[in-house]
Amino acid sequence: MSRRVTLATARRVLWQIRHDPRTIGLLLAVPVGLLTLMRYILNSQPRTFQSIGAPMCGMFPFSIMFLITSIAMLRERTSGTLERLMASPIAKADLLAGYGIAFGLLAALQATVVCLVGFLALGLHAPHGAWLVALLAIGNAVLGMALGLFVSAFARTEFQAVQFMPAIIFPQLLLCGLFVERHEMATALYDASWALPLTYAFDALARATSPGALGARMVADVCVVIGAALVALGLGALTLRRRTA
Amino acid sequence: MRAIEIEDLRVIRGGRPALDGISLRVAPGTVTGLLGPSGCGKSTLMRAIVGVQIVASGRVRVLGDEAGAPELRRRVGYVTQAPSVYGDLSIGENLRYFAAVTGASRERIAQVIELVSLGGRERQVVGSLSGGERSRVSLATALLNDPELLVLDEPTVGLDPVLRAELWATFHELARAGRTLLVSSHVMDEASQCDALLLMRDGRLLEQTTPERLRAETGEQDLGQAFLTVIERAAAAERAGTPGPPSPEPAASEPAPPESELAR
């Protein structure tokens with residue numbers, strides 16, 4: 001692994017995004033738009049908006065980076081650039097880390113904008129500081145990126161890749177406790193939710209946006225999210241083959 | 001030392017043999033043409049030489065190492081048939097990225113841009129280029145680290161005759177400097193430009209020869225006609241039950257192919 005190649009890869013991914021200003025616009029505007037929409041849908045229920053909207057600030061980067069990475073990686077595979085890279089001296093870790101850094105930076109930008117709007121303009125509050133929400137958002141983005149990278153290996157076309165979003169992300173969003181408390185669900189679903197990484201990501205965000213001590217559970221949540229991201233990255237690395245059929 | 005040495009290489013793709021017992025040698029410092037109709041296994045053979053193809057059996061040695069060995073990734077340049085560059089980056093950005101990956105210098109970037117006649121257009125986005133220009137960008141990235149062996153899959157497709165001639169001149173210049181080039185083509189008129197020829201059909205190597213020898217053996221001046229003669233002889237040998245020289249096993253009784261298909 002080489003730091004020069006890793007940074008060159010991160011810079012290359014950012015160059016690609018820079019050539020696509022509409023994507024940057026969507027990346028920044030869509031979460032803000034959705035959060036604002038939610039604010040006025042829950043116009044008469046400010047407490048519900050706080051309990052859903054505040055953690056959501058940290059979850060947008062998760063789902064969006066998942067989608068962007070799975071498409072970007074699929075493009076690398078179908079355009080032949082991945083084959084060229086695999087025939088070059090680049091280490092797989094350089095490629096993965098390069099993507100991680102680039103999308104981590106994008107996630108930081110996205111989280112900053114949505115947190116600024118949510119916590120300053122829309123009346124959300126973060127008792128432990130909005131910075132903590134933004135920090136968790138970056139971790140979630142890396143998790144989303146790692147999952148996206150892994151599943152991109154199972155998509156042959158863009159049509160398939162975009163459908164991994166509802167297939168992999170939506171169930172986690174529904175089961176993580178964002179919309180319905182987990183212990184109110186059917187027992188089987190409650191049990192299943194323990195196996196999903198987004199459950200821990202949401203739990204950390206819920207603690208960061210409600211009063212009271214963060215506690216050891218918060219530390220455990222963060223460890224699980226980091227661990228899940230590393231496992232997914234490892235599985236993603238296995239899907240990058242030097243030799244293909 | 002041979003630049004490429006292949007013994008009885010077999011590759012299965014999509015359940016059927018894509019390469020069926022190929023053995024060949026390529027001498028260093030030469031331009032070798034890999035010719036045959038589309039779908040005959042040229043790209044698969046090149047992928048095996050570069051080490052990105054899963055092979056069923058056989059041995060592929062490149063520059064004294066096993067094909068695909070990590071040490072070879074700096075010494076072998078590979079250009080795929082479809083231009084494998086980032087369409088959403090400019091020419092300069094593509095080259096700067098691949099230069100960082102292969103460890104090439106900034107000066108080298110300017111050199112390869114001149115080599116493929118794209119000087120002064122570094123800022124143009126690759127997606128807005130024509131097919132021929134895009135494949136030149138792809139070629140430029142492979143030239144960056146001045147590899148000892150260049151494997152080029154149909155590098156001249158879609159180029160006008162002037163550029164085509166310029167590229168062939170570049171290939172010979174590289175060979176004179178000691179580099180080895182393996183260039184595939186399905187256009188027989190490019191065969192005359194090569195030092196050595198590999199003629200392929202249906203996953204087999206029909207002949208390893210030179211343009212002069214091919215003309216002498218077949219009595220044809222036109223290399224396209226000469227290739228047809230070779231194919232007809234191989235088909236006749238198969239019908240007679242005696243295998244053609246480079247293919248040890250006869251193919252499963254296949255009807256003689258129509259001429260129109262061969263001429264492609």
# chains A, B, ... in the order shown; residues from 1 in each chain; ligands from 1
>>> interface_residues(of="chain A", to="chain B", cutoff="10 Å", atoms="only C-alpha atoms", output="JSON, numbers by chain")
{"A": [2, 4, 5, 6, 7, 8, 9, 10, 11, 12, 13, 15, 16, 17, 18, 19, 20, 75, 76, 77, 78, 79, 80, 81, 82, 83, 84, 85, 86, 87, 88, 89, 90, 91, 94, 241, 242, 243, 244, 245]}
>>> write_last_selection(atoms="N, CA and C atoms", output="compact mmCIF listing (two decimals), in the first residue's frame")
# COMPACT_ATOMS: atom_id res chain seq x y z
N SER A 2 0.48 2.25 -0.76
CA SER A 2 1.30 3.46 -0.82
C SER A 2 0.43 4.69 -0.59
N ARG A 4 0.98 7.67 -1.56
CA ARG A 4 0.88 8.48 -2.77
C ARG A 4 -0.26 7.99 -3.67
N VAL A 5 -0.35 6.66 -3.83
CA VAL A 5 -1.39 6.11 -4.71
C VAL A 5 -2.77 6.26 -4.07
N THR A 6 -2.84 6.07 -2.74
CA THR A 6 -4.13 6.24 -2.05
C THR A 6 -4.65 7.66 -2.24
N LEU A 7 -3.77 8.65 -2.01
CA LEU A 7 -4.20 10.04 -2.13
C LEU A 7 -4.52 10.39 -3.57
N ALA A 8 -3.75 9.84 -4.51
CA ALA A 8 -4.04 10.09 -5.92
C ALA A 8 -5.42 9.55 -6.28
N THR A 9 -5.76 8.39 -5.72
CA THR A 9 -7.08 7.81 -6.01
C THR A 9 -8.19 8.67 -5.42
N ALA A 10 -8.00 9.13 -4.17
CA ALA A 10 -9.00 10.00 -3.55
C ALA A 10 -9.18 11.27 -4.39
N ARG A 11 -8.03 11.83 -4.86
CA ARG A 11 -8.10 13.07 -5.64
C ARG A 11 -8.82 12.80 -6.97
N ARG A 12 -8.54 11.66 -7.56
CA ARG A 12 -9.18 11.32 -8.83
C ARG A 12 -10.70 11.21 -8.67
N VAL A 13 -11.16 10.56 -7.59
CA VAL A 13 -12.60 10.41 -7.37
C VAL A 13 -13.22 11.81 -7.19
N TRP A 15 -12.03 14.64 -8.40
CA TRP A 15 -12.02 15.28 -9.74
C TRP A 15 -13.26 14.86 -10.51
N GLN A 16 -13.58 13.58 -10.45
CA GLN A 16 -14.74 13.08 -11.20
C GLN A 16 -16.01 13.78 -10.73
N ILE A 17 -16.14 13.91 -9.39
CA ILE A 17 -17.33 14.56 -8.85
C ILE A 17 -17.34 16.04 -9.25
N ARG A 18 -16.15 16.67 -9.26
CA ARG A 18 -16.09 18.09 -9.58
C ARG A 18 -16.54 18.36 -11.02
N HIS A 19 -16.31 17.38 -11.90
CA HIS A 19 -16.75 17.55 -13.29
C HIS A 19 -18.26 17.41 -13.40
N ASP A 20 -18.93 17.12 -12.29
CA ASP A 20 -20.36 16.83 -12.32
C ASP A 20 -21.07 17.71 -11.29
N ARG A 75 -19.30 1.31 -12.41
CA ARG A 75 -18.75 1.97 -13.59
C ARG A 75 -17.28 1.59 -13.78
N GLU A 76 -16.54 1.50 -12.68
CA GLU A 76 -15.14 1.08 -12.79
C GLU A 76 -15.05 -0.32 -13.40
N ARG A 77 -16.01 -1.17 -13.00
CA ARG A 77 -15.98 -2.53 -13.51
C ARG A 77 -16.35 -2.57 -14.98
N THR A 78 -17.42 -1.86 -15.36
CA THR A 78 -17.91 -2.00 -16.74
C THR A 78 -17.07 -1.20 -17.73
N SER A 79 -16.40 -0.12 -17.28
CA SER A 79 -15.64 0.70 -18.23
C SER A 79 -14.27 0.11 -18.50
N GLY A 80 -13.88 -0.92 -17.76
CA GLY A 80 -12.56 -1.51 -17.99
C GLY A 80 -11.46 -0.84 -17.17
N THR A 81 -11.79 0.26 -16.49
CA THR A 81 -10.74 0.94 -15.69
C THR A 81 -10.32 0.07 -14.51
N LEU A 82 -11.26 -0.70 -13.95
CA LEU A 82 -10.89 -1.57 -12.83
C LEU A 82 -9.91 -2.65 -13.32
N GLU A 83 -10.19 -3.21 -14.52
CA GLU A 83 -9.29 -4.23 -15.06
C GLU A 83 -7.90 -3.63 -15.27
N ARG A 84 -7.86 -2.40 -15.79
CA ARG A 84 -6.57 -1.76 -16.00
C ARG A 84 -5.86 -1.54 -14.67
N LEU A 85 -6.60 -1.08 -13.65
CA LEU A 85 -5.98 -0.86 -12.34
C LEU A 85 -5.49 -2.17 -11.74
N MET A 86 -6.28 -3.25 -11.93
CA MET A 86 -5.88 -4.54 -11.36
C MET A 86 -4.66 -5.11 -12.08
N ALA A 87 -4.40 -4.64 -13.30
CA ALA A 87 -3.19 -5.06 -14.02
C ALA A 87 -2.03 -4.11 -13.71
N SER A 88 -2.27 -3.08 -12.91
CA SER A 88 -1.25 -2.08 -12.60
C SER A 88 -0.72 -2.34 -11.18
N PRO A 89 0.30 -1.60 -10.75
CA PRO A 89 0.87 -1.89 -9.43
C PRO A 89 -0.01 -1.46 -8.25
N ILE A 90 -1.16 -0.89 -8.48
CA ILE A 90 -1.98 -0.39 -7.37
C ILE A 90 -2.36 -1.55 -6.43
N ALA A 91 -2.33 -1.28 -5.10
CA ALA A 91 -2.80 -2.26 -4.13
C ALA A 91 -4.31 -2.08 -3.96
N ASP A 94 -5.17 0.54 -1.58
CA ASP A 94 -5.05 1.92 -2.07
C ASP A 94 -6.36 2.38 -2.69
N ARG A 241 -11.07 -8.60 -8.01
CA ARG A 241 -10.24 -9.71 -8.43
C ARG A 241 -9.21 -9.25 -9.45
N ARG A 242 -7.98 -9.71 -9.25
CA ARG A 242 -6.95 -9.43 -10.27
C ARG A 242 -7.26 -10.20 -11.55
N ARG A 243 -7.71 -11.45 -11.37
CA ARG A 243 -8.05 -12.28 -12.53
C ARG A 243 -9.56 -12.50 -12.58
N THR A 244 -10.14 -12.39 -13.76
CA THR A 244 -11.57 -12.65 -13.91
C THR A 244 -11.79 -13.63 -15.05
N ALA A 245 -12.99 -14.20 -15.06
CA ALA A 245 -13.31 -15.14 -16.15
C ALA A 245 -13.58 -14.36 -17.41
>>> select_by_dssp(residues="stretch 9-245 of chain B", states="helix (DSSP H, G or I)", output="tab-separated table (two decimals) with C-alpha atoms, in the first residue's frame")
chain	number	residue	atom	x	y	z
B	42	LYS	CA	-7.32	-12.57	-29.53
B	43	SER	CA	-8.49	-10.51	-26.53
B	44	THR	CA	-8.64	-13.58	-24.28
B	45	LEU	CA	-5.06	-14.48	-25.21
B	46	MET	CA	-3.96	-10.92	-24.44
B	47	ARG	CA	-5.77	-10.98	-21.09
B	48	ALA	CA	-3.98	-14.22	-20.25
B	49	ILE	CA	-0.61	-12.65	-21.11
B	50	VAL	CA	-1.35	-9.62	-18.93
B	70	PRO	CA	3.12	-8.57	-9.02
B	71	GLU	CA	6.62	-7.61	-10.29
B	72	LEU	CA	5.26	-7.62	-13.84
B	73	ARG	CA	2.59	-5.01	-13.18
B	74	ARG	CA	5.22	-2.26	-13.61
B	91	ILE	CA	-7.13	13.97	-20.73
B	92	GLY	CA	-4.62	15.55	-18.34
B	93	GLU	CA	-6.43	14.31	-15.22
B	94	ASN	CA	-6.57	10.75	-16.55
B	95	LEU	CA	-2.85	10.81	-17.28
B	96	ARG	CA	-1.98	12.42	-13.94
B	97	TYR	CA	-3.91	9.72	-12.09
B	98	PHE	CA	-2.39	6.77	-13.97
B	99	ALA	CA	1.04	8.42	-13.69
B	100	ALA	CA	0.62	8.47	-9.90
B	101	VAL	CA	-0.44	4.81	-9.92
B	102	THR	CA	2.52	3.66	-12.03
B	106	ARG	CA	5.29	14.85	-14.88
B	107	GLU	CA	7.64	15.26	-17.85
B	108	ARG	CA	6.62	11.82	-19.04
B	109	ILE	CA	2.96	12.91	-19.14
B	110	ALA	CA	3.80	15.66	-21.64
B	111	GLN	CA	5.86	13.18	-23.69
B	112	VAL	CA	3.11	10.57	-24.04
B	113	ILE	CA	0.53	13.22	-24.93
B	114	GLU	CA	2.81	14.23	-27.82
B	115	LEU	CA	3.37	10.58	-28.75
B	126	VAL	CA	-12.45	12.41	-22.41
B	127	GLY	CA	-16.22	11.86	-22.69
B	128	SER	CA	-16.39	14.60	-25.34
B	131	GLY	CA	-13.76	7.07	-30.33
B	132	GLY	CA	-10.34	7.19	-31.96
B	133	GLU	CA	-9.16	10.03	-29.70
B	134	ARG	CA	-10.38	8.15	-26.64
B	135	SER	CA	-8.41	5.06	-27.60
B	136	ARG	CA	-5.32	7.26	-28.01
B	137	VAL	CA	-5.76	8.54	-24.46
B	138	SER	CA	-6.04	4.91	-23.36
B	139	LEU	CA	-2.82	4.11	-25.25
B	140	ALA	CA	-1.06	7.13	-23.72
B	141	THR	CA	-1.82	5.93	-20.18
B	142	ALA	CA	-0.23	2.55	-20.99
B	143	LEU	CA	2.91	4.26	-22.31
B	161	PRO	CA	-4.93	6.48	-42.17
B	162	VAL	CA	-2.49	9.27	-41.26
B	163	LEU	CA	-2.78	8.66	-37.51
B	164	ARG	CA	-2.66	4.92	-38.08
B	165	ALA	CA	0.64	5.27	-39.94
B	166	GLU	CA	1.97	7.57	-37.20
B	167	LEU	CA	1.07	5.05	-34.50
B	168	TRP	CA	2.74	2.19	-36.38
B	169	ALA	CA	5.85	4.36	-36.71
B	170	THR	CA	5.70	4.90	-32.93
B	171	PHE	CA	5.41	1.15	-32.37
B	172	HIS	CA	8.53	0.49	-34.44
B	173	GLU	CA	10.39	3.26	-32.66
B	174	LEU	CA	9.54	1.60	-29.33
B	175	ALA	CA	10.67	-1.79	-30.65
B	176	ARG	CA	13.98	-0.30	-31.82
B	188	MET	CA	-4.92	-7.82	-42.52
B	189	ASP	CA	-3.28	-4.81	-44.16
B	190	GLU	CA	-1.68	-4.04	-40.80
B	191	ALA	CA	0.02	-7.45	-40.87
B	192	SER	CA	2.64	-6.18	-43.32
B	193	GLN	CA	3.81	-3.70	-40.66
B	211	PRO	CA	4.97	-11.51	-43.40
B	212	GLU	CA	7.73	-12.62	-45.80
B	213	ARG	CA	7.42	-16.29	-44.91
B	214	LEU	CA	3.64	-16.17	-45.13
B	215	ARG	CA	3.87	-14.70	-48.64
B	216	ALA	CA	6.51	-17.23	-49.71
B	217	GLU	CA	4.66	-20.24	-48.30
B	218	THR	CA	1.29	-19.36	-49.78
B	223	LEU	CA	-1.55	-10.94	-46.82
B	224	GLY	CA	-5.33	-11.13	-46.52
B	225	GLN	CA	-5.38	-13.71	-49.33
B	226	ALA	CA	-2.43	-15.48	-47.74
B	227	PHE	CA	-4.33	-15.77	-44.44
B	228	LEU	CA	-7.32	-17.25	-46.29
B	229	THR	CA	-5.03	-19.82	-47.89
B	230	VAL	CA	-3.66	-20.78	-44.48
B	231	ILE	CA	-7.19	-21.21	-43.12
B	232	GLU	CA	-8.25	-23.29	-46.12
B	233	ARG	CA	-5.22	-25.54	-45.73
B	234	ALA	CA	-5.93	-25.98	-42.01
B	235	ALA	CA	-9.58	-26.84	-42.77
B	236	ALA	CA	-8.51	-29.30	-45.45
B	237	ALA	CA	-6.04	-30.92	-43.05
B	238	GLU	CA	-8.82	-31.25	-40.47
B	239	ARG	CA	-11.16	-32.86	-43.00
>>> residues_around(residues="A:Ala107", least_positions_apart="3", cutoff="6 Å", atoms="only C-alpha atoms", output="list in words")
Pro61, Phe103, Gly104, Gln110, Ala111 and Ile138 of chain A
>>> write_last_selection(atoms="N, CA and C atoms", output="mmCIF file, in the first residue's frame")
data_model
loop_
_atom_site.group_PDB
_atom_site.id
_atom_site.type_symbol
_atom_site.label_atom_id
_atom_site.label_comp_id
_atom_site.auth_asym_id
_atom_site.auth_seq_id
_atom_site.Cartn_x
_atom_site.Cartn_y
_atom_site.Cartn_z
ATOM 1 N N PRO A 61 -26.000 10.761 4.832
ATOM 2 C CA PRO A 61 -24.770 10.340 4.145
ATOM 3 C C PRO A 61 -24.667 8.822 4.008
ATOM 4 N N PHE A 103 -15.066 9.872 -0.469
ATOM 5 C CA PHE A 103 -16.474 9.900 -0.089
ATOM 6 C C PHE A 103 -16.644 10.336 1.361
ATOM 7 N N GLY A 104 -15.643 10.074 2.207
ATOM 8 C CA GLY A 104 -15.675 10.582 3.580
ATOM 9 C C GLY A 104 -15.695 12.105 3.588
ATOM 10 N N GLN A 110 -21.541 17.194 3.191
ATOM 11 C CA GLN A 110 -22.989 17.015 3.197
ATOM 12 C C GLN A 110 -23.546 17.114 4.621
ATOM 13 N N ALA A 111 -22.874 16.443 5.564
ATOM 14 C CA ALA A 111 -23.350 16.452 6.941
ATOM 15 C C ALA A 111 -23.287 17.857 7.538
ATOM 16 N N ILE A 138 -20.235 11.059 9.357
ATOM 17 C CA ILE A 138 -19.093 10.655 8.524
ATOM 18 C C ILE A 138 -18.835 9.162 8.692
#
>>> residues_around(residues="B:Glu5", least_positions_apart="4", cutoff="12 Å", atoms="only C-alpha atoms", output="number ranges by chain")
B: 1, 9, 22-28, 48-49, 58-67
>>> select_by_dssp(residues="stretch 10-188 of chain B", states="strand (DSSP E)", output="JSON, numbers by chain")
{"B": [10, 11, 12, 13, 16, 17, 18, 19, 20, 21, 22, 23, 24, 25, 26, 31, 32, 33, 34, 35, 57, 58, 59, 60, 61, 62, 65, 66, 76, 77, 78, 79, 149, 150, 151, 152, 180, 181, 182, 183, 184, 185]}
>>> atom_distance(atom1="atom CA of A:Pro197", atom2="atom CA of A:Arg182")
14.0 Å
